[in-house]
$ cat query-v1.pdb   # PDB, C-alpha atoms
ATOM      1  CA  MET K   1       0.000   0.000   0.000
ATOM      2  CA  GLY K   2       2.793   2.426   0.901
ATOM      3  CA  VAL K   3       4.617   1.818  -2.379
ATOM      4  CA  THR K   4       1.401   2.505  -4.280
ATOM      5  CA  LEU K   5       0.895   5.791  -2.423
ATOM      6  CA  LEU K   6       4.456   6.835  -3.246
ATOM      7  CA  LEU K   7       3.982   5.885  -6.902
ATOM      8  CA  ILE K   8       0.862   8.031  -7.095
ATOM      9  CA  TYR K   9       2.683  10.876  -5.308
ATOM     10  CA  LEU K  10       5.606  10.802  -7.737
ATOM     11  CA  SER K  11       3.268  10.510 -10.747
ATOM     12  CA  ILE K  12       1.235  13.554  -9.710
ATOM     13  CA  VAL K  13       4.400  15.570  -9.050
ATOM     14  CA  PHE K  14       5.805  14.602 -12.443
ATOM     15  CA  ALA K  15       2.567  15.429 -14.283
ATOM     16  CA  GLY K  16       2.233  18.765 -12.487
ATOM     17  CA  GLU K  17       5.813  19.737 -13.261
ATOM     18  CA  LEU K  18       5.355  18.835 -16.933
ATOM     19  CA  ILE K  19       2.210  20.936 -17.164
ATOM     20  CA  ALA K  20       3.932  23.871 -15.425
ATOM     21  CA  ILE K  21       6.922  23.641 -17.776
ATOM     22  CA  LEU K  22       4.649  23.424 -20.823
ATOM     23  CA  LEU K  23       2.655  26.477 -19.740
ATOM     24  CA  GLY K  24       5.854  28.321 -18.813
ATOM     25  CA  THR K  25       7.348  27.780 -22.266
ATOM     26  CA  LYS K  26       4.216  29.330 -23.774
ATOM     27  CA  GLY K  27       4.568  32.375 -21.509
ATOM     28  CA  ILE K  28       1.544  31.520 -19.342
ATOM     29  CA  TYR K  29       1.967  32.338 -15.645
ATOM     30  CA  ASN K  30       1.320  29.103 -13.810
ATOM     31  CA  SER K  31       1.440  29.512 -10.045
ATOM     32  CA  TYR K  32      -2.060  28.068  -9.807
ATOM     33  CA  ILE K  33      -0.570  24.820 -11.149
ATOM     34  CA  MET K  34       1.703  24.778  -8.096
ATOM     35  CA  SER K  35      -1.345  25.248  -5.849
ATOM     36  CA  LEU K  36      -3.291  22.475  -7.556
ATOM     37  CA  ASN K  37      -0.293  20.173  -7.709
ATOM     38  CA  SER K  38       0.492  20.659  -4.005
ATOM     39  CA  SER K  39      -3.137  20.022  -3.105
ATOM     40  CA  LEU K  40      -3.222  16.833  -5.163
ATOM     41  CA  TYR K  41       0.083  15.189  -4.230
ATOM     42  CA  THR K  42       0.188  16.060  -0.527
ATOM     43  CA  PRO K  43      -2.543  13.595   0.573
ATOM     44  CA  PHE K  44      -0.639  10.715  -1.015
ATOM     45  CA  LEU K  45       2.646  11.637   0.646
ATOM     46  CA  TYR K  46       0.948  12.255   3.986
ATOM     47  CA  GLY K  47      -1.026   9.053   3.415
ATOM     48  CA  PHE K  48       2.235   7.135   3.199
ATOM     49  CA  LEU K  49       3.419   8.757   6.418
ATOM     50  CA  PHE K  50       0.014   8.151   8.035
ATOM     51  CA  LEU K  51       0.128   4.493   7.096
ATOM     52  CA  TYR K  52       3.450   3.914   8.847
ATOM     53  CA  THR K  53       2.959   6.113  11.911
ATOM     54  CA  HIS K  54       1.800   4.288  15.019
ATOM     55  CA  THR K  55       0.924   7.167  17.359
ATOM     56  CA  THR K  56      -2.642   8.396  16.962
ATOM     57  CA  TRP K  57      -2.000  12.084  17.588
ATOM     58  CA  LYS K  58       0.782  12.060  14.983
ATOM     59  CA  ARG K  59      -1.588  10.552  12.441
ATOM     60  CA  TYR K  60      -4.109  13.301  13.011
ATOM     61  CA  PHE K  61      -1.305  15.850  12.831
ATOM     62  CA  TYR K  62      -0.789  14.927   9.147
ATOM     63  CA  VAL K  63      -4.482  15.560   8.474
ATOM     64  CA  PHE K  64      -4.239  18.900  10.308
ATOM     65  CA  LEU K  65      -1.201  19.924   8.237
ATOM     66  CA  TYR K  66      -3.037  19.091   5.031
ATOM     67  CA  PHE K  67      -6.044  21.168   6.020
ATOM     68  CA  ILE K  68      -3.749  24.103   6.794
ATOM     69  CA  LEU K  69      -2.428  23.880   3.236
ATOM     70  CA  LEU K  70      -5.915  23.631   1.723
ATOM     71  CA  GLY K  71      -7.201  26.455   3.891
ATOM     72  CA  TYR K  72      -4.358  28.706   2.807
ATOM     73  CA  PHE K  73      -4.927  28.023  -0.885
ATOM     74  CA  ILE K  74      -8.704  28.435  -0.642
ATOM     75  CA  SER K  75      -8.618  31.583   1.495
ATOM     76  CA  GLY K  76      -6.020  33.197  -0.771
ATOM     77  CA  GLY K  77      -7.878  32.288  -3.965
ATOM     78  CA  TYR K  78      -4.784  30.510  -5.298
ATOM     79  CA  TYR K  79      -6.716  28.018  -7.401
ATOM     80  CA  HIS K  80      -7.667  30.735  -9.884
ATOM     81  CA  PRO K  81      -5.511  30.940 -13.067
ATOM     82  CA  ARG K  82      -4.867  34.647 -12.514
ATOM     83  CA  SER K  83      -3.718  34.250  -8.935
ATOM     84  CA  VAL K  84      -0.155  35.043  -7.976
ATOM     85  CA  LEU K  85       1.372  33.173  -5.066
ATOM     86  CA  GLY K  86       2.710  35.447  -2.373
ATOM     87  CA  GLY K  87       6.016  35.163  -0.585
ATOM     88  CA  THR K  88       4.399  33.299   2.301
ATOM     89  CA  ALA K  89       3.238  30.476   0.021
ATOM     90  CA  ILE K  90       6.639  28.832   0.192
ATOM     91  CA  LEU K  91       6.487  28.852   3.975
ATOM     92  CA  VAL K  92       2.969  27.432   4.042
ATOM     93  CA  ILE K  93       3.939  24.643   1.637
ATOM     94  CA  TYR K  94       7.334  23.616   3.004
ATOM     95  CA  ILE K  95       7.017  24.142   6.769
ATOM     96  CA  PRO K  96       4.181  21.572   7.056
ATOM     97  CA  PHE K  97       6.203  19.324   4.733
ATOM     98  CA  PHE K  98       9.176  19.630   7.109
ATOM     99  CA  LEU K  99       7.006  19.089  10.204
ATOM    100  CA  ALA K 100       5.384  15.990   8.692
ATOM    101  CA  ALA K 101       8.802  14.495   7.907
ATOM    102  CA  LEU K 102      10.078  15.353  11.371
ATOM    103  CA  VAL K 103       7.067  13.784  13.095
ATOM    104  CA  HIS K 104       7.448  10.679  10.941
ATOM    105  CA  LEU K 105      11.154  10.493  11.716
ATOM    106  CA  THR K 106      10.558  10.708  15.470
ATOM    107  CA  ASP K 107       7.960   7.936  15.257
ATOM    108  CA  LEU K 108      10.330   5.873  13.142
ATOM    109  CA  LEU K 109      13.294   6.279  15.488
ATOM    110  CA  LEU K 110      11.227   5.162  18.495
ATOM    111  CA  ASP K 111      10.890   1.716  16.889
ATOM    112  CA  PRO K 112      14.005   1.058  14.758
ATOM    113  CA  LYS K 113      13.290  -2.659  14.310
ATOM    114  CA  ASN K 114      10.124  -2.179  12.285
ATOM    115  CA  THR K 115       9.675  -3.154   8.656
ATOM    116  CA  TRP K 116      11.155  -1.003   5.914
ATOM    117  CA  PHE K 117      13.178   0.991   8.449
ATOM    118  CA  LYS K 118      16.001   1.927   6.074
ATOM    119  CA  PHE K 119      13.627   2.896   3.279
ATOM    120  CA  ARG K 120      11.474   5.058   5.539
ATOM    121  CA  LEU K 121      14.573   6.600   7.142
ATOM    122  CA  ARG K 122      15.973   7.551   3.724
ATOM    123  CA  LEU K 123      12.606   8.964   2.729
ATOM    124  CA  SER K 124      12.266  11.041   5.914
ATOM    125  CA  LEU K 125      15.809  12.357   5.715
ATOM    126  CA  SER K 126      15.333  13.238   2.040
ATOM    127  CA  MET K 127      12.153  15.122   2.866
ATOM    128  CA  LEU K 128      13.801  16.970   5.765
ATOM    129  CA  PHE K 129      16.871  17.973   3.767
ATOM    130  CA  PHE K 130      14.805  19.013   0.750
ATOM    131  CA  SER K 131      12.363  21.121   2.754
ATOM    132  CA  VAL K 132      15.078  22.945   4.712
ATOM    133  CA  VAL K 133      17.092  23.738   1.576
ATOM    134  CA  ALA K 134      13.913  24.703  -0.301
ATOM    135  CA  LEU K 135      12.851  27.059   2.481
ATOM    136  CA  ILE K 136      16.237  28.754   2.531
ATOM    137  CA  ILE K 137      16.683  28.997  -1.236
ATOM    138  CA  GLN K 138      13.097  29.958  -2.008
ATOM    139  CA  SER K 139      13.257  32.688   0.627
ATOM    140  CA  PHE K 140      16.274  34.171  -1.150
ATOM    141  CA  GLU K 141      14.534  33.777  -4.491
ATOM    142  CA  TRP K 142      11.354  35.549  -3.360
ATOM    143  CA  TYR K 143      13.386  38.267  -1.637
ATOM    144  CA  TYR K 144      15.313  39.068  -4.808
ATOM    145  CA  GLU K 145      12.179  38.999  -6.936
ATOM    146  CA  ASP K 146      10.341  41.357  -4.576
ATOM    147  CA  LYS K 147      13.244  43.760  -4.123
ATOM    148  CA  TYR K 148      14.954  43.732  -7.526
ATOM    149  CA  SER K 149      12.298  42.186  -9.837
ATOM    150  CA  SER K 150      14.852  39.547 -10.806
ATOM    151  CA  ARG K 151      16.878  36.860  -9.141
ATOM    152  CA  PRO K 152      20.504  35.799  -9.429
ATOM    153  CA  MET K 153      20.822  32.777 -11.682
ATOM    154  CA  ILE K 154      22.881  30.927  -9.065
ATOM    155  CA  VAL K 155      19.878  30.947  -6.718
ATOM    156  CA  PHE K 156      17.681  29.612  -9.502
ATOM    157  CA  TYR K 157      20.144  26.812 -10.299
ATOM    158  CA  ILE K 158      20.528  25.827  -6.644
ATOM    159  CA  ALA K 159      16.731  25.658  -6.265
ATOM    160  CA  LEU K 160      16.416  23.657  -9.459
ATOM    161  CA  SER K 161      19.197  21.287  -8.369
ATOM    162  CA  ASN K 162      17.534  20.792  -4.985
ATOM    163  CA  ASN K 163      14.242  19.844  -6.648
ATOM    164  CA  ILE K 164      15.910  17.503  -9.121
ATOM    165  CA  LEU K 165      18.017  15.792  -6.447
ATOM    166  CA  TYR K 166      15.020  15.333  -4.145
ATOM    167  CA  TYR K 167      12.830  13.686  -6.756
ATOM    168  CA  PHE K 168      15.766  11.677  -8.063
ATOM    169  CA  ALA K 169      16.492  10.392  -4.525
ATOM    170  CA  LEU K 170      12.839   9.487  -4.025
ATOM    171  CA  THR K 171      12.708   7.720  -7.369
ATOM    172  CA  ILE K 172      15.879   5.733  -6.659
ATOM    173  CA  ASN K 173      14.600   4.732  -3.193
ATOM    174  CA  PHE K 174      11.234   3.834  -4.663
ATOM    175  CA  LEU K 175      12.752   1.713  -7.448
ATOM    176  CA  MET K 176      15.075  -0.058  -5.008
ATOM    177  CA  GLU K 177      12.102  -1.020  -2.832
ATOM    178  CA  CYS K 178      10.091  -2.167  -5.857
ATOM    179  CA  ILE K 179      12.975  -4.408  -6.926
ATOM    180  CA  LYS K 180      13.249  -5.834  -3.403
ATOM    181  CA  LEU K 181       9.508  -6.551  -3.313
ATOM    182  CA  TYR K 182       9.652  -8.176  -6.742
ATOM    183  CA  ARG K 183      12.538 -10.412  -5.677
ATOM    184  CA  LYS K 184      10.716 -11.421  -2.487
ATOM    185  CA  GLN K 185       7.596 -12.357  -4.438
ATOM    186  CA  ARG K 186       9.627 -14.359  -6.969
ATOM    187  CA  LEU K 187      11.228 -16.365  -4.174
ATOM    188  CA  MET K 188       7.839 -17.218  -2.623
TER     189      MET K 188
END

$ encode --input "query-v1.pdb" --output "structure tokens"
Amino acid sequence: MGVTLLLIYLSIVFAGELIAILLGTKGIYNSYIMSLNSSLYTPFLYGFLFLYTHTTWKRYFYVFLYFILLGYFISGGYYHPRSVLGGTAILVIYIPFFLAALVHLTDLLLDPKNTWFKFRLRLSLSMLFFSVVALIIQSFEWYYEDKYSSRPMIVFYIALSNNILYYFALTINFLMECIKLYRKQRLM
């Protein structure tokens, strides 16, 4: 079940990024795609974390974090094609992402002998590292855009590299687990 949730998560992220790139190449402002994409993929990622968290209050914490995200997007009108995400959008997207990974990591470390420990540890650490770097880099990016109406290209390339490395790490971890599951089923 967890592998399926991660596959859906990665598929939605990939489709959303392709749509955003396609619209961006045609000169169409596409921040509403980011809002829709975040709203669609977050339940599957949090669902994976929910599935493998044993403490009840931590499970409900994921649901609470998701409703914060939805509430922010709905109250700001960010699902409309003419909406422009504000500078706080990055904080509202990545701080709950960081908190969810941190809560999952604490639950995971309390029981290190559970199933898929290494996979879930790699996933949590990837999420934590990605969200911290994204928060820092995106803050610089938004600051430069607000103050100077442009951003240094080095900031753009660091942000792009962070995104690529995160999804690449998730994909590699996901494929490794799929191969392990396939081998286990072949041996049975």

$ resolve_selection --input "query-v1.pdb" --expression "the PyMOL selection byres ((chain K and resi 168-179) around 10)" --output "list in words"
Val3, Thr4, Leu6, Leu7, Leu10, Trp116, Lys118, Phe119, Arg120, Arg122, Leu123, Ser126, Met127, Asn162, Asn163, Ile164, Leu165, Tyr166, Tyr167, Lys180, Leu181, Tyr182, Arg183, Lys184 and Gln185 of chain K

$ write_last_selection --input "query-v1.pdb" --atoms "C-alpha atoms" --output "PDB file, keeping the file's coordinate frame"
ATOM      1  CA  VAL K   3       4.617   1.818  -2.379  1.00  0.00           C
ATOM      2  CA  THR K   4       1.401   2.505  -4.280  1.00  0.00           C
ATOM      3  CA  LEU K   6       4.456   6.835  -3.246  1.00  0.00           C
ATOM      4  CA  LEU K   7       3.982   5.885  -6.902  1.00  0.00           C
ATOM      5  CA  LEU K  10       5.606  10.802  -7.737  1.00  0.00           C
ATOM      6  CA  TRP K 116      11.155  -1.003   5.914  1.00  0.00           C
ATOM      7  CA  LYS K 118      16.001   1.927   6.074  1.00  0.00           C
ATOM      8  CA  PHE K 119      13.627   2.896   3.279  1.00  0.00           C
ATOM      9  CA  ARG K 120      11.474   5.058   5.539  1.00  0.00           C
ATOM     10  CA  ARG K 122      15.973   7.551   3.724  1.00  0.00           C
ATOM     11  CA  LEU K 123      12.606   8.964   2.729  1.00  0.00           C
ATOM     12  CA  SER K 126      15.333  13.238   2.040  1.00  0.00           C
ATOM     13  CA  MET K 127      12.153  15.122   2.866  1.00  0.00           C
ATOM     14  CA  ASN K 162      17.534  20.792  -4.985  1.00  0.00           C
ATOM     15  CA  ASN K 163      14.242  19.844  -6.648  1.00  0.00           C
ATOM     16  CA  ILE K 164      15.910  17.503  -9.121  1.00  0.00           C
ATOM     17  CA  LEU K 165      18.017  15.792  -6.447  1.00  0.00           C
ATOM     18  CA  TYR K 166      15.020  15.333  -4.145  1.00  0.00           C
ATOM     19  CA  TYR K 167      12.830  13.686  -6.756  1.00  0.00           C
ATOM     20  CA  LYS K 180      13.249  -5.834  -3.403  1.00  0.00           C
ATOM     21  CA  LEU K 181       9.508  -6.551  -3.313  1.00  0.00           C
ATOM     22  CA  TYR K 182       9.652  -8.176  -6.742  1.00  0.00           C
ATOM     23  CA  ARG K 183      12.538 -10.412  -5.677  1.00  0.00           C
ATOM     24  CA  LYS K 184      10.716 -11.421  -2.487  1.00  0.00           C
ATOM     25  CA  GLN K 185       7.596 -12.357  -4.438  1.00  0.00           C
TER      26      GLN K 185
END

$ atom_distance --input "query-v1.pdb" --atom1 "atom CA of Tyr143 of chain K" --atom2 "atom CA of Ser161 of chain K"
19.2 Å

$ closest_residue --input "query-v1.pdb" --among "K:Leu65, K:Met188, K:Leu49, K:Leu22" --to "Leu5 of chain K" --atoms "all atoms listed in the file"
K:Leu49

$ resolve_selection --input "query-v1.pdb" --expression "the PyMOL selection byres ((chain K and resi 106-110) around 8)" --output "number ranges by chain"
K: 53-55, 102-105, 111-112, 117, 120-121

$ closest_residue --input "query-v1.pdb" --among "K:Tyr9, K:Tyr144, K:Lys113, K:Leu99" --to "Lys58 of chain K" --atoms "all atoms listed in the file"
K:Leu99

$ closest_residue --input "query-v1.pdb" --among "K:Tyr60, K:Phe130, K:Tyr72, K:Phe48" --to "Tyr94 of chain K" --atoms "only C-alpha atoms"
K:Phe130

$ atom_distance --input "query-v1.pdb" --atom1 "atom CA of Tyr78 of chain K" --atom2 "atom CA of Trp57 of chain K"
29.5 Å

$ atom_distance --input "query-v1.pdb" --atom1 "atom CA of Phe97 of chain K" --atom2 "atom CA of Leu128 of chain K"
8.0 Å

$ resolve_selection --input "query-v1.pdb" --expression "the PyMOL selection byres ((chain K and resi 19) around 12)" --output "PyMOL selection string"
chain K and resi 12-18+20-26+28-34+36-37

$ closest_residue --input "query-v1.pdb" --among "K:Ala134, K:Ala101, K:Phe67, K:Gly2" --to "Leu51 of chain K" --atoms "all atoms listed in the file"
K:Gly2

$ residues_near_point --input "query-v1.pdb" --point "(2.1, 34.2, -6.0)" --cutoff "12 Å" --atoms "only C-alpha atoms" --output "PyMOL selection string"
chain K and resi 29-35+73+76-90+142+145-146

$ decode --input "query-v1.pdb" --residues "segment 4-41 of chain K" --atoms "N, CA and C atoms" --output "short mmCIF file (atom, residue, chain, number, x, y, z; two decimals), in the first residue's frame"
data_model
loop_
_atom_site.label_atom_id
_atom_site.label_comp_id
_atom_site.auth_asym_id
_atom_site.auth_seq_id
_atom_site.Cartn_x
_atom_site.Cartn_y
_atom_site.Cartn_z
N THR K 4 2.41 1.97 -3.37
CA THR K 4 1.40 2.50 -4.28
C THR K 4 1.16 3.99 -4.03
N LEU K 5 1.08 4.38 -2.75
CA LEU K 5 0.90 5.79 -2.42
C LEU K 5 2.07 6.62 -2.91
N LEU K 6 3.28 6.10 -2.76
CA LEU K 6 4.46 6.84 -3.25
C LEU K 6 4.48 6.91 -4.77
N LEU K 7 4.05 5.85 -5.44
CA LEU K 7 3.98 5.89 -6.90
C LEU K 7 2.99 6.94 -7.38
N ILE K 8 1.85 7.01 -6.74
CA ILE K 8 0.86 8.03 -7.09
C ILE K 8 1.42 9.42 -6.81
N TYR K 9 2.07 9.59 -5.67
CA TYR K 9 2.68 10.88 -5.31
C TYR K 9 3.67 11.34 -6.37
N LEU K 10 4.60 10.45 -6.74
CA LEU K 10 5.61 10.80 -7.74
C LEU K 10 4.98 11.06 -9.11
N SER K 11 3.94 10.31 -9.45
CA SER K 11 3.27 10.51 -10.75
C SER K 11 2.58 11.87 -10.81
N ILE K 12 1.92 12.25 -9.73
CA ILE K 12 1.24 13.55 -9.71
C ILE K 12 2.26 14.68 -9.76
N VAL K 13 3.36 14.54 -9.02
CA VAL K 13 4.40 15.57 -9.05
C VAL K 13 4.96 15.71 -10.46
N PHE K 14 5.25 14.59 -11.09
CA PHE K 14 5.81 14.60 -12.44
C PHE K 14 4.84 15.24 -13.44
N ALA K 15 3.57 14.86 -13.37
CA ALA K 15 2.57 15.43 -14.28
C ALA K 15 2.41 16.93 -14.05
N GLY K 16 2.36 17.34 -12.80
CA GLY K 16 2.23 18.77 -12.49
C GLY K 16 3.42 19.58 -12.97
N GLU K 17 4.62 19.03 -12.79
CA GLU K 17 5.81 19.74 -13.26
C GLU K 17 5.83 19.84 -14.79
N LEU K 18 5.42 18.78 -15.47
CA LEU K 18 5.36 18.84 -16.93
C LEU K 18 4.36 19.88 -17.42
N ILE K 19 3.21 19.94 -16.79
CA ILE K 19 2.21 20.94 -17.16
C ILE K 19 2.74 22.34 -16.90
N ALA K 20 3.38 22.55 -15.75
CA ALA K 20 3.93 23.87 -15.42
C ALA K 20 5.01 24.28 -16.42
N ILE K 21 5.87 23.34 -16.80
CA ILE K 21 6.92 23.64 -17.78
C ILE K 21 6.31 23.96 -19.14
N LEU K 22 5.32 23.18 -19.54
CA LEU K 22 4.65 23.42 -20.82
C LEU K 22 4.01 24.81 -20.86
N LEU K 23 3.28 25.16 -19.79
CA LEU K 23 2.66 26.48 -19.74
C LEU K 23 3.70 27.59 -19.66
N GLY K 24 4.79 27.33 -18.93
CA GLY K 24 5.85 28.32 -18.81
C GLY K 24 6.54 28.60 -20.14
N THR K 25 6.71 27.57 -20.96
CA THR K 25 7.35 27.78 -22.27
C THR K 25 6.45 28.58 -23.21
N LYS K 26 5.15 28.55 -22.95
CA LYS K 26 4.22 29.33 -23.77
C LYS K 26 3.97 30.72 -23.19
N GLY K 27 4.69 31.05 -22.11
CA GLY K 27 4.57 32.37 -21.51
C GLY K 27 3.35 32.55 -20.62
N ILE K 28 2.73 31.46 -20.20
CA ILE K 28 1.54 31.52 -19.34
C ILE K 28 2.00 31.40 -17.89
N TYR K 29 1.62 32.38 -17.06
CA TYR K 29 1.97 32.34 -15.64
C TYR K 29 1.22 31.18 -15.01
N ASN K 30 1.92 30.35 -14.24
CA ASN K 30 1.32 29.10 -13.81
C ASN K 30 1.45 28.81 -12.32
N SER K 31 1.34 29.81 -11.47
CA SER K 31 1.44 29.51 -10.04
C SER K 31 0.23 28.74 -9.54
N TYR K 32 -0.89 28.85 -10.23
CA TYR K 32 -2.06 28.07 -9.81
C TYR K 32 -1.81 26.57 -10.02
N ILE K 33 -0.93 26.22 -10.96
CA ILE K 33 -0.57 24.82 -11.15
C ILE K 33 0.16 24.31 -9.90
N MET K 34 1.01 25.15 -9.33
CA MET K 34 1.70 24.78 -8.10
C MET K 34 0.69 24.56 -6.97
N SER K 35 -0.32 25.41 -6.88
CA SER K 35 -1.35 25.25 -5.85
C SER K 35 -2.12 23.95 -6.05
N LEU K 36 -2.55 23.71 -7.27
CA LEU K 36 -3.29 22.47 -7.56
C LEU K 36 -2.42 21.24 -7.35
N ASN K 37 -1.19 21.31 -7.83
CA ASN K 37 -0.29 20.17 -7.71
C ASN K 37 -0.02 19.85 -6.24
N SER K 38 0.25 20.88 -5.44
CA SER K 38 0.49 20.66 -4.00
C SER K 38 -0.73 20.07 -3.32
N SER K 39 -1.91 20.54 -3.70
CA SER K 39 -3.14 20.02 -3.10
C SER K 39 -3.41 18.58 -3.50
N LEU K 40 -2.97 18.19 -4.70
CA LEU K 40 -3.22 16.83 -5.16
C LEU K 40 -2.20 15.83 -4.66
N TYR K 41 -0.91 16.19 -4.62
CA TYR K 41 0.08 15.19 -4.23
C TYR K 41 0.27 15.06 -2.73
#
